[in-house]
Amino acid sequence: MKIIMNRDRLIESVQHVMKAISQKTTIPILTGIKIEATETQVKLTGSDSDITIEAVIPKEEEGIILIDEIVPGSIVLHAKYFPEIIRKLPNEMVEIESDDKLQLSIRSGHAEFHLNGQDAEEYPHLPLLQSDSSFSLPNDLLKNMIRQTVFAVSTSETRPILTGVNIKVEDDHLHFIATDSHRLAARKIPLEVDQANLSFSQVVIPGKSLNELNKILEDTDEKIEIQVGENQIAFQAEHLYFVTRLLEGKYPETSRLIPDQSKTIIHADTKTLLQSVDRASLLARESQNNVVRLETKGNEVVEITSNSPEIGKVEEEITIKGMEGEDLKISFSSKYMIDALKIMESDQVKIEFTGAMRPFIIKPVDNDQILQLILPVRTY
Amino acid sequence: MSKWNPKNGRVILHVDMNSFYASVEAAYDPSLKGKPIAIAGNPEERKGIIVTSSYEARKKGVKTTMPLWQAKKLCSNLIVMRPNFERYRKASKEMFNILFRFTPFVEPVSIDEGYMDITECEEYGSPIDIANQIQKIIYQELDLPCSIGIAPNKFLAKMASDMKKPNGITILRKRNVQEKLWPLSIDHMYGVGEKTALKLQEININTIGDLASANRAQLKQLLGINGEKLQDRANGLDKRAVDPESIHRFKSIGSSQTLPYDTVEVQDIDRLLHTLSRNVANRLSRKDAAGQTLQLMIRFHNRKTITRSKKINKHIDKEEEIFVHAKILFEENWDGTAIRLLGVTVQDIITKEQMVTQLDLFSYQEHQEDEKLYEVMTHLKDKYGDNIIRKASFNEKRKFDLKTSFQKDFLDD
């Protein structure tokens, strides 16, 4: 195998597949990167057996030659050394060549490395996704939907299903839902006609997988093809293939847990509220769920306070756009509130409360595609 | 810098209320004055014991922890009363407020005694003047007697306040230690309990003076680090500062126990873990507290000791919760060799008043039954302050448990 190519493009692709590689895997060869060269492209593969990422570098892209020379072949290289070497090479071109003893030479400028490789035949054959259910989304929309939900997945393994994002098709909408049981983040989009007959109803994707996917997807409006299988889901972008296992088990039914009526509604400026809660959280103790308190003061003012006897206290009144319903005092985690407000995509938010010990809902004023729900904190 | 004090020394007072509960009762009902009074737990039950008694009763031989029947035998006209904790708590608060008039450096130790650091209180006069004023104000305003010790450190102040009762004021200087302290029998020394006294007497240490000059290595072997500490005190040395916050601070509550024999039997181990968890849960409940970290100590047959702890995602205070986490930690860290001792400690403790519960989407409805009550409580607190009300369950009737529950928890509200 021999490849002579542009170094920067190789670095980018290596970084993508590295996202799937873990040094803690039980299958030793998976700590390596697989490189496969054919006449027309070079393909890199990284996997921890839960997530597999393939990055393809075509010989030529939009008239630009990316690879000057290819002699087909394949090899597996240790993921600890190969990426660092490529990154630090002196020249913008790199030559990679392997012999039949699995010895690899990397040359760039006057630098020459020799690395021991492993036989690509020993790299596990990753199960091919069997799917007849697929749809596509623009990259940037998918990234948004991930960003607006994945932060709310549970980090605790006590209920493993909650460590994933629930993706389901319901009422002609595609829904992303995540909850750690203390807050819930939901995003939905209307399905387009050609997606309407999707044959899957719901899957749960590990939050970790979506985080990695979000990191390597480019923020463009190019379409990404999503294939849903029995145990896996695959995302196919132009030069990137990302496949992850799904979480097994039934995701709890969350829609009935979301209150459909409210006693107090507040309209507020997203940024003003966010900054005020952020300030109040400075004196909230992490050990106490970072609690801050919100209290309505008439129709135009809410007070945000936090009090930690051994540190100090903070009070701030902010002007709101309006309030309907009963007066309210409620305590909640500032962290959850900040997380929720950060992804609102709207200057104005509407917060619907149903009582000091019941979940409340935050939505942008102008659309109902984003919903954030937070469970308050009970003080004694 | 005070003109009465050595340049880098401190002046510490120990204020000790004289037979506090009985005195409070006599102040409340002056007709009881001069009569033998005893406060007893459960006087209706036969096993009631004397919690405290007036000096008149003490003269007849009535002693704290004595069974009621025995006390009555010694003093037939003994007036026995049930404890009125609210009264004592109120009097205690007022008493400490008087101390606070002189300095913020007041360290309450229990319901009826506290230390003060009056080094910087020159403006109120000499230390003896200040002690006189305190004694007088407490007597005039609360009709209660107290004894005060004046010394350069906490230990000596405590020993001094004990020398003249009731209504005494005693100065104990470091140079008086040899003359005033050393002749005292070892079991009169503050910090030496019954067991320690017996151990010391076994190696022929019978007086505080004996302790002061004893072999330090031998003491350390006998009593550990506490041995060295006690010897320093016997020599009049005590570096502890007066710490006004100490009463509010309890960071961990633990219980440990040695097995009667080294064991690998899971049944024995579980039983001990249950006992320890129950002890810890009981003590937490007395303090209305809960903790977020569980620590397990395992001592193996070869004396090798390990401690392992883990953070829990919620505050725990129930025996079962403590047991479950202790058991998990145990299983993760036991290599199967014989065990001599186990200890269970709950750390990162806060009182339930400071505690918050993050409600859960799948279970928040369980809290709904409290919602109305919660709203009323919030309303009252906003209107009248945090102390106006709290849920009764946080103050469940406390077992009257001498020295552990009430006397130490007197400032809890």
# chains A, B, ... in the order shown; residues from 1 in each chain; ligands from 1
>>> select_by_dssp(residues="stretch 149-185 of chain B", states="helix (DSSP H, G or I)", output="number ranges by chain")
B: 154-161, 174-181
>>> write_last_selection(atoms="N, CA and C atoms", output="mmCIF file, in the first residue's frame")
data_model
loop_
_atom_site.group_PDB
_atom_site.id
_atom_site.type_symbol
_atom_site.label_atom_id
_atom_site.label_comp_id
_atom_site.auth_asym_id
_atom_site.auth_seq_id
_atom_site.Cartn_x
_atom_site.Cartn_y
_atom_site.Cartn_z
ATOM 1 N N LYS B 154 -8.848 27.164 77.101
ATOM 2 C CA LYS B 154 -10.150 26.555 77.339
ATOM 3 C C LYS B 154 -10.110 25.493 78.437
ATOM 4 N N PHE B 155 -9.071 24.656 78.382
ATOM 5 C CA PHE B 155 -9.018 23.584 79.368
ATOM 6 C C PHE B 155 -8.956 24.134 80.795
ATOM 7 N N LEU B 156 -8.048 25.072 81.004
ATOM 8 C CA LEU B 156 -7.897 25.621 82.362
ATOM 9 C C LEU B 156 -9.161 26.381 82.783
ATOM 10 N N ALA B 157 -9.799 27.066 81.827
ATOM 11 C CA ALA B 157 -11.016 27.803 82.167
ATOM 12 C C ALA B 157 -12.104 26.832 82.616
ATOM 13 N N LYS B 158 -12.175 25.714 81.898
ATOM 14 C CA LYS B 158 -13.176 24.699 82.233
ATOM 15 C C LYS B 158 -12.892 24.123 83.628
ATOM 16 N N MET B 159 -11.645 23.808 83.908
ATOM 17 C CA MET B 159 -11.289 23.266 85.211
ATOM 18 C C MET B 159 -11.582 24.303 86.302
ATOM 19 N N ALA B 160 -11.335 25.575 85.977
ATOM 20 C CA ALA B 160 -11.509 26.642 86.967
ATOM 21 C C ALA B 160 -12.976 26.832 87.323
ATOM 22 N N SER B 161 -13.844 26.785 86.321
ATOM 23 C CA SER B 161 -15.261 27.040 86.599
ATOM 24 C C SER B 161 -15.832 25.950 87.507
ATOM 25 N N LYS B 174 -1.494 29.755 84.577
ATOM 26 C CA LYS B 174 -0.638 28.614 84.248
ATOM 27 C C LYS B 174 0.299 28.313 85.420
ATOM 28 N N ARG B 175 0.734 29.359 86.107
ATOM 29 C CA ARG B 175 1.683 29.118 87.213
ATOM 30 C C ARG B 175 1.009 28.503 88.433
ATOM 31 N N ASN B 176 -0.369 28.475 88.423
ATOM 32 C CA ASN B 176 -1.065 27.828 89.545
ATOM 33 C C ASN B 176 -1.333 26.348 89.295
ATOM 34 N N VAL B 177 -0.997 25.906 88.088
ATOM 35 C CA VAL B 177 -1.371 24.548 87.709
ATOM 36 C C VAL B 177 -0.843 23.516 88.686
ATOM 37 N N GLN B 178 0.456 23.655 89.011
ATOM 38 C CA GLN B 178 1.084 22.676 89.894
ATOM 39 C C GLN B 178 0.373 22.598 91.246
ATOM 40 N N GLU B 179 0.043 23.788 91.748
ATOM 41 C CA GLU B 179 -0.531 23.850 93.084
ATOM 42 C C GLU B 179 -2.016 23.473 93.100
ATOM 43 N N LYS B 180 -2.784 23.957 92.072
ATOM 44 C CA LYS B 180 -4.234 23.771 92.117
ATOM 45 C C LYS B 180 -4.728 22.553 91.362
ATOM 46 N N LEU B 181 -4.014 22.186 90.309
ATOM 47 C CA LEU B 181 -4.524 21.124 89.449
ATOM 48 C C LEU B 181 -3.904 19.768 89.744
#
>>> interface_residues(of="chain B", to="chain A", cutoff="6 Å", atoms="only C-alpha atoms", output="PDB file with C-alpha atoms, in the first residue's frame")
ATOM      1  CA  GLU B 353     -33.564  22.739  56.891  1.00  0.00           C
ATOM      2  CA  VAL B 356     -33.332  20.534  49.133  1.00  0.00           C
ATOM      3  CA  THR B 357     -34.817  17.742  47.094  1.00  0.00           C
ATOM      4  CA  GLN B 358     -34.689  17.844  43.361  1.00  0.00           C
ATOM      5  CA  LEU B 359     -38.091  16.578  42.301  1.00  0.00           C
ATOM      6  CA  ASP B 360     -38.237  13.765  39.796  1.00  0.00           C
ATOM      7  CA  LEU B 361     -40.366  13.672  36.687  1.00  0.00           C
TER       8      LEU B 361
END
>>> residues_around(residues="A:His16", least_positions_apart="5", cutoff="10 Å", atoms="only C-alpha atoms", output="list in words")
Leu10, Ile11, Ile21, Leu44, Thr45, Gly46, Ile53, Glu54, Ala55, Glu212, Leu213, Lys215, Ile216, Leu217, Leu240 and Phe242 of chain A
>>> residues_around(residues="A:Pro160", least_positions_apart="6", cutoff="12 Å", atoms="only C-alpha atoms", output="list in words")
Val153, Ser154, Thr179, Asp180, Ser181, Val204, Ile205, Pro206, Gly207, Leu246, Leu247, Glu248, Gly249, Lys250, Tyr251 and Pro252 of chain A
>>> write_last_selection(atoms="all heavy atoms", output="JSON list (two decimals), in the first residue's frame")
[["chain", "number", "residue", "atom", "x", "y", "z"],
["A", 153, "VAL", "N", -29.71, 14.28, 28.72],
["A", 153, "VAL", "CA", -29.69, 12.84, 29.00],
["A", 153, "VAL", "C", -29.09, 12.59, 30.38],
["A", 153, "VAL", "O", -28.32, 13.41, 30.90],
["A", 153, "VAL", "CB", -28.91, 12.01, 27.95],
["A", 153, "VAL", "CG1", -29.51, 12.14, 26.57],
["A", 153, "VAL", "CG2", -27.43, 12.34, 27.98],
["A", 154, "SER", "N", -29.43, 11.46, 30.94],
["A", 154, "SER", "CA", -28.92, 11.12, 32.26],
["A", 154, "SER", "C", -27.47, 10.68, 32.16],
["A", 154, "SER", "O", -27.07, 10.02, 31.19],
["A", 154, "SER", "CB", -29.78, 10.00, 32.84],
["A", 154, "SER", "OG", -29.17, 9.51, 34.00],
["A", 179, "THR", "N", -34.33, 13.04, 28.75],
["A", 179, "THR", "CA", -34.60, 13.43, 30.14],
["A", 179, "THR", "C", -33.71, 12.65, 31.08],
["A", 179, "THR", "O", -33.42, 11.48, 30.87],
["A", 179, "THR", "CB", -36.07, 13.24, 30.53],
["A", 179, "THR", "OG1", -36.23, 13.65, 31.89],
["A", 179, "THR", "CG2", -36.51, 11.79, 30.41],
["A", 180, "ASP", "N", -33.25, 13.34, 32.13],
["A", 180, "ASP", "CA", -32.52, 12.64, 33.18],
["A", 180, "ASP", "C", -33.44, 12.48, 34.38],
["A", 180, "ASP", "O", -32.98, 12.17, 35.48],
["A", 180, "ASP", "CB", -31.25, 13.41, 33.56],
["A", 180, "ASP", "CG", -31.54, 14.82, 34.02],
["A", 180, "ASP", "OD1", -32.72, 15.17, 34.18],
["A", 180, "ASP", "OD2", -30.57, 15.58, 34.22],
["A", 181, "SER", "N", -34.71, 12.72, 34.16],
["A", 181, "SER", "CA", -35.80, 12.64, 35.13],
["A", 181, "SER", "C", -35.91, 13.88, 36.02],
["A", 181, "SER", "O", -36.84, 14.02, 36.78],
["A", 181, "SER", "CB", -35.74, 11.37, 35.99],
["A", 181, "SER", "OG", -34.92, 11.55, 37.12],
["A", 204, "VAL", "N", -33.83, 4.60, 20.63],
["A", 204, "VAL", "CA", -33.10, 5.40, 21.63],
["A", 204, "VAL", "C", -31.61, 5.34, 21.30],
["A", 204, "VAL", "O", -31.01, 4.26, 21.28],
["A", 204, "VAL", "CB", -33.35, 4.87, 23.06],
["A", 204, "VAL", "CG1", -32.67, 5.78, 24.08],
["A", 204, "VAL", "CG2", -34.84, 4.78, 23.35],
["A", 205, "ILE", "N", -31.04, 6.50, 21.01],
["A", 205, "ILE", "CA", -29.63, 6.58, 20.62],
["A", 205, "ILE", "C", -28.81, 7.03, 21.82],
["A", 205, "ILE", "O", -29.17, 8.02, 22.48],
["A", 205, "ILE", "CB", -29.44, 7.61, 19.48],
["A", 205, "ILE", "CG1", -30.36, 7.27, 18.31],
["A", 205, "ILE", "CG2", -27.98, 7.65, 19.03],
["A", 205, "ILE", "CD1", -30.30, 8.29, 17.18],
["A", 206, "PRO", "N", -27.72, 6.33, 22.13],
["A", 206, "PRO", "CA", -26.91, 6.77, 23.28],
["A", 206, "PRO", "C", -26.51, 8.24, 23.15],
["A", 206, "PRO", "O", -26.10, 8.67, 22.08],
["A", 206, "PRO", "CB", -25.67, 5.87, 23.20],
["A", 206, "PRO", "CG", -26.10, 4.68, 22.41],
["A", 206, "PRO", "CD", -27.15, 5.16, 21.47],
["A", 207, "GLY", "N", -26.63, 8.99, 24.22],
["A", 207, "GLY", "CA", -26.28, 10.40, 24.21],
["A", 207, "GLY", "C", -24.84, 10.61, 23.80],
["A", 207, "GLY", "O", -24.51, 11.54, 23.06],
["A", 246, "LEU", "N", -28.00, 1.02, 19.21],
["A", 246, "LEU", "CA", -29.12, 1.67, 19.89],
["A", 246, "LEU", "C", -29.22, 1.12, 21.31],
["A", 246, "LEU", "O", -28.72, 0.03, 21.59],
["A", 246, "LEU", "CB", -30.42, 1.39, 19.13],
["A", 246, "LEU", "CG", -30.49, 1.99, 17.73],
["A", 246, "LEU", "CD1", -31.68, 1.43, 16.97],
["A", 246, "LEU", "CD2", -30.57, 3.50, 17.81],
["A", 247, "LEU", "N", -29.85, 1.88, 22.17],
["A", 247, "LEU", "CA", -30.07, 1.36, 23.53],
["A", 247, "LEU", "C", -31.27, 0.43, 23.50],
["A", 247, "LEU", "O", -32.28, 0.72, 22.87],
["A", 247, "LEU", "CB", -30.32, 2.51, 24.50],
["A", 247, "LEU", "CG", -29.12, 3.40, 24.81],
["A", 247, "LEU", "CD1", -29.51, 4.52, 25.75],
["A", 247, "LEU", "CD2", -27.98, 2.59, 25.41],
["A", 248, "GLU", "N", -31.13, -0.66, 24.23],
["A", 248, "GLU", "CA", -32.25, -1.60, 24.30],
["A", 248, "GLU", "C", -33.16, -1.22, 25.44],
["A", 248, "GLU", "O", -32.71, -0.69, 26.45],
["A", 248, "GLU", "CB", -31.72, -3.02, 24.55],
["A", 248, "GLU", "CG", -31.15, -3.65, 23.31],
["A", 248, "GLU", "CD", -30.44, -4.96, 23.64],
["A", 248, "GLU", "OE1", -30.93, -5.68, 24.53],
["A", 248, "GLU", "OE2", -29.40, -5.22, 23.01],
["A", 249, "GLY", "N", -34.42, -1.50, 25.27],
["A", 249, "GLY", "CA", -35.36, -1.22, 26.35],
["A", 249, "GLY", "C", -36.38, -0.21, 25.90],
["A", 249, "GLY", "O", -36.28, 0.40, 24.83],
["A", 250, "LYS", "N", -37.35, -0.05, 26.76],
["A", 250, "LYS", "CA", -38.46, 0.83, 26.38],
["A", 250, "LYS", "C", -38.24, 2.20, 27.00],
["A", 250, "LYS", "O", -37.99, 2.33, 28.19],
["A", 250, "LYS", "CB", -39.77, 0.22, 26.90],
["A", 250, "LYS", "CG", -40.99, 0.91, 26.34],
["A", 250, "LYS", "CD", -42.25, 0.11, 26.60],
["A", 250, "LYS", "CE", -43.49, 0.98, 26.50],
["A", 250, "LYS", "NZ", -43.41, 2.02, 25.49],
["A", 251, "TYR", "N", -38.32, 3.22, 26.16],
["A", 251, "TYR", "CA", -38.20, 4.57, 26.70],
["A", 251, "TYR", "C", -39.51, 4.94, 27.38],
["A", 251, "TYR", "O", -40.58, 4.67, 26.85],
["A", 251, "TYR", "CB", -37.89, 5.56, 25.57],
["A", 251, "TYR", "CG", -37.27, 6.84, 26.08],
["A", 251, "TYR", "CD1", -35.92, 6.90, 26.35],
["A", 251, "TYR", "CD2", -38.04, 7.97, 26.28],
["A", 251, "TYR", "CE1", -35.33, 8.06, 26.84],
["A", 251, "TYR", "CE2", -37.46, 9.14, 26.78],
["A", 251, "TYR", "CZ", -36.11, 9.18, 27.05],
["A", 251, "TYR", "OH", -35.54, 10.33, 27.54],
["A", 252, "PRO", "N", -39.45, 5.54, 28.57],
["A", 252, "PRO", "CA", -40.72, 5.85, 29.25],
["A", 252, "PRO", "C", -41.58, 6.80, 28.43],
["A", 252, "PRO", "O", -41.06, 7.64, 27.70],
["A", 252, "PRO", "CB", -40.27, 6.50, 30.56],
["A", 252, "PRO", "CG", -38.84, 6.88, 30.36],
["A", 252, "PRO", "CD", -38.28, 5.97, 29.33]]
>>> atom_distance(atom1="atom CA of B:Gly48", atom2="atom CA of B:Glu86")
20.1 Å
>>> residues_around(residues="A:Pro364", least_positions_apart="3", cutoff="12 Å", atoms="only C-alpha atoms", output="ChimeraX atom specification")
/A:187,266-270,340-352,361,367-372
>>> residues_around(residues="A:Gly325", least_positions_apart="2", cutoff="7 Å", atoms="only C-alpha atoms", output="CSV table (one decimal) with C-alpha atoms, in the first residue's frame")
chain,number,residue,atom,x,y,z
A,263,LYS,CA,-51.6,28.4,36.7
A,264,THR,CA,-48.9,31.1,36.1
A,265,ILE,CA,-47.4,32.2,32.8
A,323,MET,CA,-47.5,37.7,33.6
A,327,ASP,CA,-48.4,34.7,42.0
>>> atom_distance(atom1="atom CA of B:Lys310", atom2="atom CA of B:Leu276")
17.1 Å
>>> atom_distance(atom1="atom CA of A:Leu115", atom2="atom CA of A:Ala79")
11.4 Å
>>> residues_around(residues="B:Leu200", least_positions_apart="6", cutoff="12 Å", atoms="only C-alpha atoms", output="PyMOL selection string")
chain B and resi 185-187+189+192-194+206-208+210-212+214-215+218-223+227+230-231
>>> write_last_selection(atoms="N, CA and C atoms", output="short mmCIF file (atom, residue, chain, number, x, y, z; two decimals), in the first residue's frame")
data_model
loop_
_atom_site.label_atom_id
_atom_site.label_comp_id
_atom_site.auth_asym_id
_atom_site.auth_seq_id
_atom_site.Cartn_x
_atom_site.Cartn_y
_atom_site.Cartn_z
N SER B 185 -7.51 14.35 91.73
CA SER B 185 -7.52 12.96 91.25
C SER B 185 -7.82 12.96 89.75
N ILE B 186 -7.27 11.96 89.09
CA ILE B 186 -7.28 11.95 87.62
C ILE B 186 -8.70 11.96 87.05
N ASP B 187 -9.64 11.36 87.78
CA ASP B 187 -11.00 11.31 87.22
C ASP B 187 -11.73 12.66 87.36
N MET B 189 -10.35 15.24 86.04
CA MET B 189 -9.83 16.02 84.93
C MET B 189 -10.82 16.01 83.77
N VAL B 192 -11.11 13.27 80.82
CA VAL B 192 -10.81 11.91 81.26
C VAL B 192 -12.11 11.25 81.71
N GLY B 193 -12.57 10.32 80.93
CA GLY B 193 -13.79 9.61 81.28
C GLY B 193 -13.49 8.43 82.17
N GLU B 194 -14.53 7.70 82.46
CA GLU B 194 -14.40 6.58 83.37
C GLU B 194 -13.38 5.55 82.87
N ASN B 206 -2.60 8.45 89.14
CA ASN B 206 -3.78 8.66 89.97
C ASN B 206 -4.18 10.12 90.10
N THR B 207 -3.24 11.02 89.84
CA THR B 207 -3.57 12.44 89.93
C THR B 207 -3.21 13.12 88.62
N ILE B 208 -3.71 14.35 88.47
CA ILE B 208 -3.37 15.10 87.27
C ILE B 208 -1.87 15.34 87.22
N ASP B 210 0.41 13.26 88.31
CA ASP B 210 1.04 12.03 87.81
C ASP B 210 1.02 12.03 86.28
N LEU B 211 -0.11 12.47 85.72
CA LEU B 211 -0.25 12.48 84.27
C LEU B 211 0.73 13.47 83.64
N ALA B 212 0.88 14.62 84.31
CA ALA B 212 1.75 15.66 83.77
C ALA B 212 3.18 15.17 83.62
N ALA B 214 4.11 11.87 83.46
CA ALA B 214 4.19 10.48 83.03
C ALA B 214 5.04 10.34 81.76
N ASN B 215 5.41 9.10 81.45
CA ASN B 215 6.18 8.82 80.25
C ASN B 215 5.29 8.99 79.01
N GLN B 218 4.68 6.02 76.69
CA GLN B 218 3.79 5.04 77.31
C GLN B 218 2.33 5.50 77.18
N LEU B 219 2.13 6.81 77.40
CA LEU B 219 0.78 7.37 77.29
C LEU B 219 0.24 7.22 75.87
N LYS B 220 1.13 7.46 74.93
CA LYS B 220 0.70 7.38 73.53
C LYS B 220 0.32 5.95 73.20
N GLN B 221 1.09 5.01 73.72
CA GLN B 221 0.79 3.62 73.46
C GLN B 221 -0.56 3.24 74.07
N LEU B 222 -0.80 3.79 75.26
CA LEU B 222 -2.03 3.44 75.99
C LEU B 222 -3.26 4.11 75.39
N LEU B 223 -3.16 5.39 75.07
CA LEU B 223 -4.36 6.16 74.69
C LEU B 223 -4.28 6.77 73.30
N GLY B 227 -3.62 10.57 74.43
CA GLY B 227 -2.74 10.51 75.58
C GLY B 227 -1.82 11.72 75.63
N LEU B 230 -3.88 14.84 76.47
CA LEU B 230 -4.23 14.94 77.89
C LEU B 230 -3.02 15.37 78.72
N GLN B 231 -1.85 14.85 78.35
CA GLN B 231 -0.67 15.23 79.13
C GLN B 231 -0.37 16.73 78.99
#
